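Step one of this worksheet: look at the structure below.
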Amino acid sequence: MSSLIGQPLSCDSPHPLWQHGGAQVLIRETCTLTNSIFCGYETRLGGQRHQRMSHARIVLWLSLTLRPTRVLCRARFFEGQSPGLPNRAAMENGTGPCGEECPREVQETTVTEGAAKIAFPSANEVFYNPVQEFNRDLTCAVITEFARIQLGAKGIQIKVPGEKDTQRVVVDLSEQEEEKVELKENENLASGDQLRTAAVGEICEEGLHVLEGLAASGLRSIRFALEVPGLRSVVANDASARAVDLIRRNVQLNDVAHLVQPSQADARMLMYQHQRVSERFDVIDLDPYGSPTPFLDAAVQAVSEGGLLCVTCTDMAVLAGNSGETCYSKYGAMALKSRACHEMALRIVLHSLDLRANCYQRFVVPLLSISADFYVRVFVRVFTGQAKVKASASKQALVFQCVGCGAYHLQRLGKASGVPGSRVKFSAACGPPVSPECEHCGQRHQLGGPVWAEPIHDLDFVGRVLEAVSANPGRFHTSERIQGVLSVITEELPDVPLYYTLDQLSSTIHCNTPSLLQLRSALLHADFRVSLSHACKNAVKTDAPASALWDIMRCWEKECPVKRERLSETSPAFRILSVEPKLQANFTIREDANPSSRQRGLKRFQANPEANWGPRPRARPGGKAADEAMEERRRLLQNKRKEPPEDVAQRAARLKTFPCKRFKKGTCQRGDQCCYSHSPPTPRVSADAAPDCPETSNQSPRGPGDAARPGID
């Protein structure tokens, strides 16, 4: 930078700094302003002192202004790129110097996922997690069906590799109705109307405009271009220059430069720049490291009318209730620790999305909400409508949860009254629905939320995705799991928020756990609805009130009695079991108690895909967190909270410090071979002596068995 001060500032200067193509535009815009500042200072200021001050200020200003240029030039110099000016056309389509093959010092790894082939550095410079392949496969399936709906309204049919040309949904049609449908199809073909099609890898002028705000290596965007038909363009954006360089190389590697456009910008600024209706994106995918809340405000404004917004949250510790105040600061809701924390996390995210959309007279309609592995994933459509926004308050609810027995109640924030089709009146809801103490166990309630209280899935859309994946199972590597999860979702009760679990109900009253079929059969015999939940393996989602559920557990306790004398009178178990059940439960197994997904043995819940799987470390410049260092750290921290194993002699000495209960009763027949102590108990210290005084404790007389007793500190 100091070498530039002594040279005349001109865009035609032969200085090597001007030869860098990426810096040429910035320097060309800066040099004119800099020349005017030099001339202004030399004209208005006189004397050597003023010239030194002006030069010092200009050097400081230039150092701040041209800092991005220096970083870019230094990065290109160390990467071994040619300092020549790149081809402008090559820069626009995502290729150019960043895509050229050149010797690299960083070791790279090539990964094949779906139809894409991705190269990324072995060091942790760019984020990549192979466990989230299920997330990416499901996203491709959802966007494909969304494109089928959107383009079908325009008369465009999409073609997916592996699918049949004509697929038909059979809904118990008679033979005459099927013949009528075939005649109508033949008439449409004979009329000369040519059906437009959109294939994978081709540009569809009326297709979807997709944005991946945090693309990292560009894997997701490239998979969209290679596997999802009906796309107009895909913008793969990332704020990291190293990540964008990698995206360009991967785009060229997969030959999708005509569809995928690399972009280096802050995701929020990029979405704020596309708020105009004509510039909005049809699909926005946000998969950040941690919480997506910094991007939600911009996302709900940049998505088109009826567009698809896909959001992933990996900060499950916050959403699951470990830090309620942090959850409120990020999502605007208090999370509670409960067995239904994963579904509550989904409903908190939906509440946060709808709350941000309401600020701009928009609202969200959930299509699919998934809780899988260590993250939650929601797919929502965003619409605009002032009348619909007024109903958003009645879609949110507060959660009252008992800290003793876990019974929960929902309190809506708003109330909508009126006949459907006529004018609806909105007012504040009345509450609370519970008393200060729980009616079942007498404990207090915790207040959480607000959460989304409406259905979190569109079952018609979920059925379309499930049908498409089942008809083409070879399209995705995780097709079996997608079918299993979506099958469980189609069986869930859509109008019942949250759920209980088998272990929660049985551990509350300290009894044996009934089987899933027994509890489901008892609820069905009592004329209640019951279903599973994709968020928890042993979940019980039912419309039965908490009182009926505890009556069923009281009846179960009579078949497997609990020792009442061991229960404290203030414990939830004692208070619940002290009431006679009003409902007589029938635990006879019913045929409809076993859900279809369970009978077919579908892969509903994920098995461990690899060792030490889970959230990966954040990507760092230079790849400081290498895999070897992480493996060493995991090895050192493994079982750090567990006590080291003790040998046989240590265990025998430790057991000798405890008195034998059978010896006190006179029933121990082991004698000296007993592992516990048969020595008479040590006389206690008198009440006059201070029990906390170490001198008094050490002066107490020792018994014959105190030699093996550890000392008192």
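Numbering starts fresh at 1 for the residues of each chain in the structure tokens, the chains themselves are lettered A, B, ... in the order given, and ligands are numbered from 1 as they appear.
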
- Based on DSSP run over this structure's backbone, return all residues of segment 306-551 of chain A in helix (DSSP H, G or I), as a PyMOL selection string. chain A and resi 316-319+324-331+341-358+386-390+393-395+459-471+473-475+479-491+502-509+516-525+546-551

List the spatial neighbours of Leu353 of chain A as a PDB file with N, CA, C and O atoms, in the first residue's frame - criterion: any atom at most 8 Å away, only C-alpha atoms, same-chain residues fewer than 2 positions off excluded.
```
ATOM      1  N   LEU A 296     -34.412 -15.060   9.021  1.00  0.00           N
ATOM      2  CA  LEU A 296     -35.840 -15.287   8.812  1.00  0.00           C
ATOM      3  C   LEU A 296     -36.565 -14.023   8.363  1.00  0.00           C
ATOM      4  O   LEU A 296     -37.476 -14.084   7.536  1.00  0.00           O
ATOM      5  N   VAL A 300     -38.733 -14.169   4.737  1.00  0.00           N
ATOM      6  CA  VAL A 300     -40.184 -14.071   4.550  1.00  0.00           C
ATOM      7  C   VAL A 300     -40.546 -12.922   3.606  1.00  0.00           C
ATOM      8  O   VAL A 300     -41.675 -12.874   3.105  1.00  0.00           O
ATOM      9  N   VAL A 349     -40.533 -23.048  16.012  1.00  0.00           N
ATOM     10  CA  VAL A 349     -39.983 -22.524  14.758  1.00  0.00           C
ATOM     11  C   VAL A 349     -41.101 -22.012  13.850  1.00  0.00           C
ATOM     12  O   VAL A 349     -40.979 -20.946  13.226  1.00  0.00           O
ATOM     13  N   LEU A 350     -42.207 -22.748  13.773  1.00  0.00           N
ATOM     14  CA  LEU A 350     -43.334 -22.293  12.956  1.00  0.00           C
ATOM     15  C   LEU A 350     -43.931 -21.007  13.521  1.00  0.00           C
ATOM     16  O   LEU A 350     -44.323 -20.110  12.756  1.00  0.00           O
ATOM     17  N   HIS A 351     -44.008 -20.902  14.834  1.00  0.00           N
ATOM     18  CA  HIS A 351     -44.491 -19.657  15.447  1.00  0.00           C
ATOM     19  C   HIS A 351     -43.573 -18.486  15.104  1.00  0.00           C
ATOM     20  O   HIS A 351     -44.048 -17.387  14.786  1.00  0.00           O
ATOM     21  N   LEU A 355     -44.708 -15.256  12.975  1.00  0.00           N
ATOM     22  CA  LEU A 355     -44.620 -13.955  13.642  1.00  0.00           C
ATOM     23  C   LEU A 355     -43.856 -12.954  12.792  1.00  0.00           C
ATOM     24  O   LEU A 355     -44.253 -11.787  12.681  1.00  0.00           O
ATOM     25  N   ARG A 356     -42.768 -13.377  12.170  1.00  0.00           N
ATOM     26  CA  ARG A 356     -42.002 -12.475  11.324  1.00  0.00           C
ATOM     27  C   ARG A 356     -42.747 -12.167  10.024  1.00  0.00           C
ATOM     28  O   ARG A 356     -42.645 -11.059   9.492  1.00  0.00           O
ATOM     29  N   ALA A 357     -43.490 -13.130   9.498  1.00  0.00           N
ATOM     30  CA  ALA A 357     -44.252 -12.879   8.280  1.00  0.00           C
ATOM     31  C   ALA A 357     -45.421 -11.929   8.544  1.00  0.00           C
ATOM     32  O   ALA A 357     -45.781 -11.131   7.660  1.00  0.00           O
ATOM     33  N   VAL A 364     -47.838 -17.919   7.035  1.00  0.00           N
ATOM     34  CA  VAL A 364     -47.240 -19.166   6.564  1.00  0.00           C
ATOM     35  C   VAL A 364     -48.268 -20.288   6.647  1.00  0.00           C
ATOM     36  O   VAL A 364     -49.165 -20.284   7.495  1.00  0.00           O
TER      37      VAL A 364
END
```

Close residues, Glu279 of chain A itself excluded, 12 Å, only C-alpha atoms, min 3 positions apart in chain, as a short mmCIF file (atom, residue, chain, number, x, y, z; two decimals) with N, CA and C atoms, in the first residue's frame:
```
data_model
loop_
_atom_site.label_atom_id
_atom_site.label_comp_id
_atom_site.auth_asym_id
_atom_site.auth_seq_id
_atom_site.Cartn_x
_atom_site.Cartn_y
_atom_site.Cartn_z
N LEU A 208 -38.92 -22.50 -11.63
CA LEU A 208 -38.69 -21.97 -10.29
C LEU A 208 -37.34 -21.27 -10.21
N HIS A 209 -37.34 -20.16 -9.48
CA HIS A 209 -36.12 -19.41 -9.18
C HIS A 209 -35.74 -19.74 -7.75
N VAL A 210 -34.63 -20.46 -7.56
CA VAL A 210 -34.26 -21.05 -6.27
C VAL A 210 -33.05 -20.31 -5.71
N LEU A 211 -33.05 -20.12 -4.39
CA LEU A 211 -31.92 -19.53 -3.68
C LEU A 211 -31.52 -20.45 -2.54
N LEU A 270 -28.56 -10.13 0.44
CA LEU A 270 -29.00 -10.64 -0.86
C LEU A 270 -30.52 -10.79 -0.89
N MET A 271 -31.12 -11.29 0.18
CA MET A 271 -32.57 -11.44 0.20
C MET A 271 -33.27 -10.09 0.33
N TYR A 272 -32.69 -9.16 1.08
CA TYR A 272 -33.29 -7.83 1.16
C TYR A 272 -33.28 -7.12 -0.20
N GLN A 273 -32.30 -7.43 -1.02
CA GLN A 273 -32.23 -6.82 -2.35
C GLN A 273 -33.24 -7.41 -3.33
N HIS A 274 -33.90 -8.50 -2.94
CA HIS A 274 -34.90 -9.16 -3.80
C HIS A 274 -36.29 -9.09 -3.16
N GLN A 275 -36.62 -7.95 -2.58
CA GLN A 275 -37.94 -7.79 -1.99
C GLN A 275 -39.01 -7.43 -3.01
N ARG A 276 -38.61 -6.88 -4.14
CA ARG A 276 -39.60 -6.53 -5.16
C ARG A 276 -40.29 -7.79 -5.67
N ASP A 282 -38.78 -18.18 -5.85
CA ASP A 282 -39.87 -19.14 -5.66
C ASP A 282 -39.57 -20.13 -4.54
N GLN A 301 -39.61 -12.00 3.35
CA GLN A 301 -39.88 -10.91 2.42
C GLN A 301 -39.41 -11.23 1.00
N ALA A 302 -38.40 -12.09 0.89
CA ALA A 302 -37.81 -12.38 -0.43
C ALA A 302 -38.46 -13.56 -1.13
N VAL A 303 -39.34 -14.31 -0.47
CA VAL A 303 -39.98 -15.44 -1.12
C VAL A 303 -41.24 -14.95 -1.83
N SER A 304 -41.53 -15.53 -2.96
CA SER A 304 -42.65 -15.09 -3.80
C SER A 304 -43.99 -15.48 -3.18
N GLU A 305 -45.05 -15.00 -3.78
CA GLU A 305 -46.40 -15.31 -3.29
C GLU A 305 -46.68 -16.80 -3.48
#
```

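Taking atom CA of Val200 of chain A and atom CA of Ala299 of chain A as the two end points, the separation is 26.3 Å.
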
- Residues within 8 Å of Ile576 of chain A, only C-alpha atoms, excluding chain neighbours under 2 positions, as a ChimeraX atom specification: /A:440-441,509,550,554,572-574,578-579

Okay, now the selection with all heavy atoms, as a CSV table (one decimal), in the first residue's frame?
```csv
chain,number,residue,atom,x,y,z
A,440,HIS,N,-54.2,-33.3,39.3
A,440,HIS,CA,-53.9,-34.7,39.4
A,440,HIS,C,-52.8,-35.0,40.4
A,440,HIS,O,-53.0,-36.0,41.2
A,440,HIS,CB,-53.3,-35.2,38.0
A,440,HIS,CG,-54.3,-34.9,36.9
A,440,HIS,ND1,-55.5,-35.5,36.7
A,440,HIS,CD2,-54.1,-34.1,35.8
A,440,HIS,CE1,-56.1,-35.0,35.6
A,440,HIS,NE2,-55.2,-34.2,35.0
A,441,CYS,N,-51.8,-34.1,40.5
A,441,CYS,CA,-50.7,-34.4,41.5
A,441,CYS,C,-50.5,-33.3,42.5
A,441,CYS,O,-49.6,-33.4,43.4
A,441,CYS,CB,-49.4,-34.7,40.7
A,441,CYS,SG,-48.8,-33.4,39.8
A,509,ILE,N,-45.7,-42.8,38.1
A,509,ILE,CA,-46.3,-43.6,39.2
A,509,ILE,C,-45.5,-44.8,39.7
A,509,ILE,O,-45.9,-45.6,40.4
A,509,ILE,CB,-47.7,-44.1,38.8
A,509,ILE,CG1,-47.7,-44.9,37.6
A,509,ILE,CG2,-48.6,-42.9,38.5
A,509,ILE,CD1,-49.0,-45.5,37.2
A,550,TRP,N,-54.7,-40.8,33.0
A,550,TRP,CA,-54.3,-41.2,34.4
A,550,TRP,C,-55.2,-42.3,34.9
A,550,TRP,O,-54.8,-43.2,35.7
A,550,TRP,CB,-54.2,-40.1,35.3
A,550,TRP,CG,-53.0,-39.2,35.1
A,550,TRP,CD1,-53.0,-37.9,34.8
A,550,TRP,CD2,-51.6,-39.6,35.0
A,550,TRP,NE1,-51.7,-37.4,34.6
A,550,TRP,CE2,-50.8,-38.5,34.8
A,550,TRP,CE3,-51.0,-40.8,35.2
A,550,TRP,CZ2,-49.5,-38.5,34.6
A,550,TRP,CZ3,-49.6,-40.9,35.1
A,550,TRP,CH2,-48.9,-39.8,34.8
A,554,ARG,N,-54.0,-45.8,36.3
A,554,ARG,CA,-54.4,-46.4,37.6
A,554,ARG,C,-54.9,-47.8,37.5
A,554,ARG,O,-54.6,-48.7,38.3
A,554,ARG,CB,-55.5,-45.5,38.2
A,554,ARG,CG,-55.0,-44.1,38.6
A,554,ARG,CD,-56.2,-43.4,39.3
A,554,ARG,NE,-55.8,-42.0,39.6
A,554,ARG,CZ,-56.2,-40.9,38.9
A,554,ARG,NH1,-57.1,-41.1,37.9
A,554,ARG,NH2,-55.8,-39.7,39.3
A,572,PRO,N,-46.0,-37.0,43.4
A,572,PRO,CA,-47.1,-37.2,42.4
A,572,PRO,C,-47.7,-38.6,42.3
A,572,PRO,O,-48.9,-38.7,42.1
A,572,PRO,CB,-46.4,-36.7,41.1
A,572,PRO,CG,-45.2,-35.9,41.5
A,572,PRO,CD,-44.8,-36.5,42.8
A,573,ALA,N,-46.8,-39.6,42.4
A,573,ALA,CA,-47.3,-41.0,42.3
A,573,ALA,C,-48.3,-41.3,43.4
A,573,ALA,O,-49.4,-41.9,43.2
A,573,ALA,CB,-46.1,-41.9,42.4
A,574,PHE,N,-48.0,-40.8,44.7
A,574,PHE,CA,-49.0,-41.1,45.8
A,574,PHE,C,-50.3,-40.4,45.6
A,574,PHE,O,-51.4,-41.0,45.8
A,574,PHE,CB,-48.3,-40.7,47.1
A,574,PHE,CG,-49.1,-41.0,48.3
A,574,PHE,CD1,-49.1,-42.2,48.9
A,574,PHE,CD2,-50.0,-40.0,48.8
A,574,PHE,CE1,-49.8,-42.5,50.1
A,574,PHE,CE2,-50.8,-40.3,50.0
A,574,PHE,CZ,-50.7,-41.5,50.6
A,578,SER,N,-53.8,-42.4,44.8
A,578,SER,CA,-54.8,-42.4,45.9
A,578,SER,C,-56.2,-42.1,45.5
A,578,SER,O,-57.1,-42.2,46.3
A,578,SER,CB,-54.4,-41.3,46.9
A,578,SER,OG,-54.3,-40.0,46.3
A,579,VAL,N,-56.4,-41.8,44.2
A,579,VAL,CA,-57.7,-41.6,43.6
A,579,VAL,C,-58.2,-42.8,42.9
A,579,VAL,O,-57.4,-43.4,42.1
A,579,VAL,CB,-57.7,-40.3,42.7
A,579,VAL,CG1,-59.1,-40.1,42.1
A,579,VAL,CG2,-57.2,-39.1,43.5
```

- Task: Run DSSP on the backbone and grab whatever in segment 445-529 of chain A lands in strand (DSSP E or B); send it over as an MDAnalysis selection string.
- Result: chainID A and resid 445:452 500:501

Keeping only N, CA and C atoms, write those residues as a compact mmCIF listing (two decimals), in the first residue's frame.
```txt
# COMPACT_ATOMS: atom_id res chain seq x y z
N HIS A 445 -47.52 -25.42 37.86
CA HIS A 445 -47.42 -25.46 36.40
C HIS A 445 -46.30 -24.54 35.92
N GLN A 446 -45.67 -24.94 34.82
CA GLN A 446 -44.73 -24.09 34.10
C GLN A 446 -45.42 -23.55 32.86
N LEU A 447 -45.04 -22.33 32.47
CA LEU A 447 -45.66 -21.67 31.32
C LEU A 447 -44.63 -21.57 30.20
N GLY A 448 -44.98 -22.09 29.05
CA GLY A 448 -44.12 -22.05 27.88
C GLY A 448 -44.85 -21.52 26.67
N GLY A 449 -44.08 -21.26 25.63
CA GLY A 449 -44.65 -20.78 24.39
C GLY A 449 -44.48 -19.29 24.20
N PRO A 450 -45.22 -18.70 23.27
CA PRO A 450 -46.26 -19.29 22.42
C PRO A 450 -45.69 -20.27 21.37
N VAL A 451 -46.50 -21.22 21.01
CA VAL A 451 -46.16 -22.20 19.99
C VAL A 451 -47.27 -22.25 18.95
N TRP A 452 -46.94 -22.83 17.80
CA TRP A 452 -47.91 -23.02 16.72
C TRP A 452 -48.86 -24.14 17.14
N TYR A 500 -47.57 -37.60 24.86
CA TYR A 500 -46.98 -38.22 26.04
C TYR A 500 -46.10 -39.38 25.58
N THR A 501 -45.33 -39.93 26.51
CA THR A 501 -44.52 -41.10 26.21
C THR A 501 -44.80 -42.19 27.23
```

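Non-sequential neighbours of Gly114 of chain A (distance at most 9 Å, separation of 5 or more positions within a chain, only C-alpha atoms) are Glu133, Asp137, Arg223, Leu226, Glu227, Arg475, Phe476 and His477 of chain A.
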
Could you save those same residues with all heavy atoms as a JSON list (two decimals), in the first residue's frame?
```
[["chain", "number", "residue", "atom", "x", "y", "z"],
["A", 133, "GLU", "N", -27.55, -36.30, 4.59],
["A", 133, "GLU", "CA", -28.00, -36.73, 3.26],
["A", 133, "GLU", "C", -29.51, -36.94, 3.25],
["A", 133, "GLU", "O", -30.17, -36.65, 2.24],
["A", 133, "GLU", "CB", -27.27, -38.02, 2.86],
["A", 133, "GLU", "CG", -27.62, -38.50, 1.47],
["A", 133, "GLU", "CD", -26.91, -39.78, 1.09],
["A", 133, "GLU", "OE1", -26.18, -40.32, 1.95],
["A", 133, "GLU", "OE2", -27.08, -40.24, -0.05],
["A", 137, "ASP", "N", -31.94, -35.27, 0.54],
["A", 137, "ASP", "CA", -32.82, -36.10, -0.29],
["A", 137, "ASP", "C", -34.28, -35.68, -0.12],
["A", 137, "ASP", "O", -35.03, -35.57, -1.10],
["A", 137, "ASP", "CB", -32.65, -37.57, 0.10],
["A", 137, "ASP", "CG", -31.33, -38.15, -0.37],
["A", 137, "ASP", "OD1", -30.63, -37.47, -1.16],
["A", 137, "ASP", "OD2", -30.97, -39.26, 0.06],
["A", 223, "ARG", "N", -27.22, -30.48, -6.59],
["A", 223, "ARG", "CA", -28.18, -31.57, -6.62],
["A", 223, "ARG", "C", -29.54, -31.09, -7.12],
["A", 223, "ARG", "O", -30.24, -31.83, -7.82],
["A", 223, "ARG", "CB", -28.32, -32.19, -5.23],
["A", 223, "ARG", "CG", -27.11, -33.00, -4.79],
["A", 223, "ARG", "CD", -27.46, -33.88, -3.60],
["A", 223, "ARG", "NE", -28.54, -34.80, -3.92],
["A", 223, "ARG", "CZ", -29.08, -35.66, -3.05],
["A", 223, "ARG", "NH1", -28.62, -35.68, -1.80],
["A", 223, "ARG", "NH2", -30.06, -36.45, -3.40],
["A", 226, "LEU", "N", -29.30, -31.05, -10.86],
["A", 226, "LEU", "CA", -29.16, -32.37, -11.49],
["A", 226, "LEU", "C", -30.33, -33.30, -11.22],
["A", 226, "LEU", "O", -30.47, -34.31, -11.92],
["A", 226, "LEU", "CB", -27.87, -33.03, -11.01],
["A", 226, "LEU", "CG", -26.55, -32.37, -11.41],
["A", 226, "LEU", "CD1", -25.38, -33.07, -10.76],
["A", 226, "LEU", "CD2", -26.39, -32.36, -12.92],
["A", 227, "GLU", "N", -31.17, -33.01, -10.22],
["A", 227, "GLU", "CA", -32.20, -33.96, -9.83],
["A", 227, "GLU", "C", -33.61, -33.39, -9.81],
["A", 227, "GLU", "O", -34.57, -34.17, -9.79],
["A", 227, "GLU", "CB", -31.89, -34.51, -8.42],
["A", 227, "GLU", "CG", -30.54, -35.21, -8.32],
["A", 227, "GLU", "CD", -30.25, -35.71, -6.91],
["A", 227, "GLU", "OE1", -31.22, -35.94, -6.16],
["A", 227, "GLU", "OE2", -29.07, -35.86, -6.56],
["A", 475, "ARG", "N", -34.37, -43.45, -6.68],
["A", 475, "ARG", "CA", -33.96, -42.07, -6.94],
["A", 475, "ARG", "C", -33.05, -41.54, -5.83],
["A", 475, "ARG", "O", -32.10, -40.81, -6.10],
["A", 475, "ARG", "CB", -35.20, -41.18, -7.06],
["A", 475, "ARG", "CG", -34.89, -39.74, -7.40],
["A", 475, "ARG", "CD", -36.15, -38.89, -7.42],
["A", 475, "ARG", "NE", -35.85, -37.49, -7.68],
["A", 475, "ARG", "CZ", -36.71, -36.50, -7.56],
["A", 475, "ARG", "NH1", -37.96, -36.77, -7.16],
["A", 475, "ARG", "NH2", -36.36, -35.26, -7.82],
["A", 476, "PHE", "N", -33.33, -41.91, -4.57],
["A", 476, "PHE", "CA", -32.56, -41.40, -3.44],
["A", 476, "PHE", "C", -31.93, -42.56, -2.68],
["A", 476, "PHE", "O", -32.48, -43.67, -2.63],
["A", 476, "PHE", "CB", -33.46, -40.60, -2.50],
["A", 476, "PHE", "CG", -34.14, -39.43, -3.14],
["A", 476, "PHE", "CD1", -35.52, -39.42, -3.28],
["A", 476, "PHE", "CD2", -33.42, -38.35, -3.63],
["A", 476, "PHE", "CE1", -36.16, -38.35, -3.88],
["A", 476, "PHE", "CE2", -34.05, -37.29, -4.23],
["A", 476, "PHE", "CZ", -35.43, -37.29, -4.36],
["A", 477, "HIS", "N", -30.81, -42.27, -2.05],
["A", 477, "HIS", "CA", -30.12, -43.28, -1.25],
["A", 477, "HIS", "C", -30.86, -43.56, 0.06],
["A", 477, "HIS", "O", -30.75, -44.66, 0.62],
["A", 477, "HIS", "CB", -28.69, -42.81, -0.97],
["A", 477, "HIS", "CG", -27.87, -43.81, -0.22],
["A", 477, "HIS", "ND1", -27.60, -43.70, 1.13],
["A", 477, "HIS", "CD2", -27.27, -44.96, -0.63],
["A", 477, "HIS", "CE1", -26.87, -44.72, 1.52],
["A", 477, "HIS", "NE2", -26.64, -45.50, 0.48]]
```

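One finds atom CA of Ser371 of chain A at 29.7 Å from atom CA of Cys438 of chain A.
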
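Atom pair atom CA of Ile284 of chain A / atom CA of Ile143 of chain A has a distance of 10.4 Å (rounded to one decimal).
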
- Message: Show me, as a PyMOL selection string, the residues that have an atom within 7 Å of Thr314 of chain A when counting only C-alpha atoms, minus same-chain residues fewer than 3 positions from it.
- Response: chain A and resi 289-291+374-376

- Item | Spatial neighbours of Ser506 of chain A, max dist 10 Å, only C-alpha atoms, sep filter under 4 positions, as a ChimeraX atom specification | /A:501-502,510-514,553,556-557,573

Between segment 343-442 of chain A and segment 527-545 of chain A, at 8 Å or less, what are the per-residue closest atom pairs and their distances in Å? Count only C-alpha atoms, order by chain and rising residue number, and return it as a tab-separated table.
```
residue	atom	partner	partner_atom	distance
A:Glu343	CA	A:Ala535	CA	6.4
A:Ile370	CA	A:Ala535	CA	7.6
A:Ser371	CA	A:Ala535	CA	5.4
A:Ala372	CA	A:Ala535	CA	7.0
```
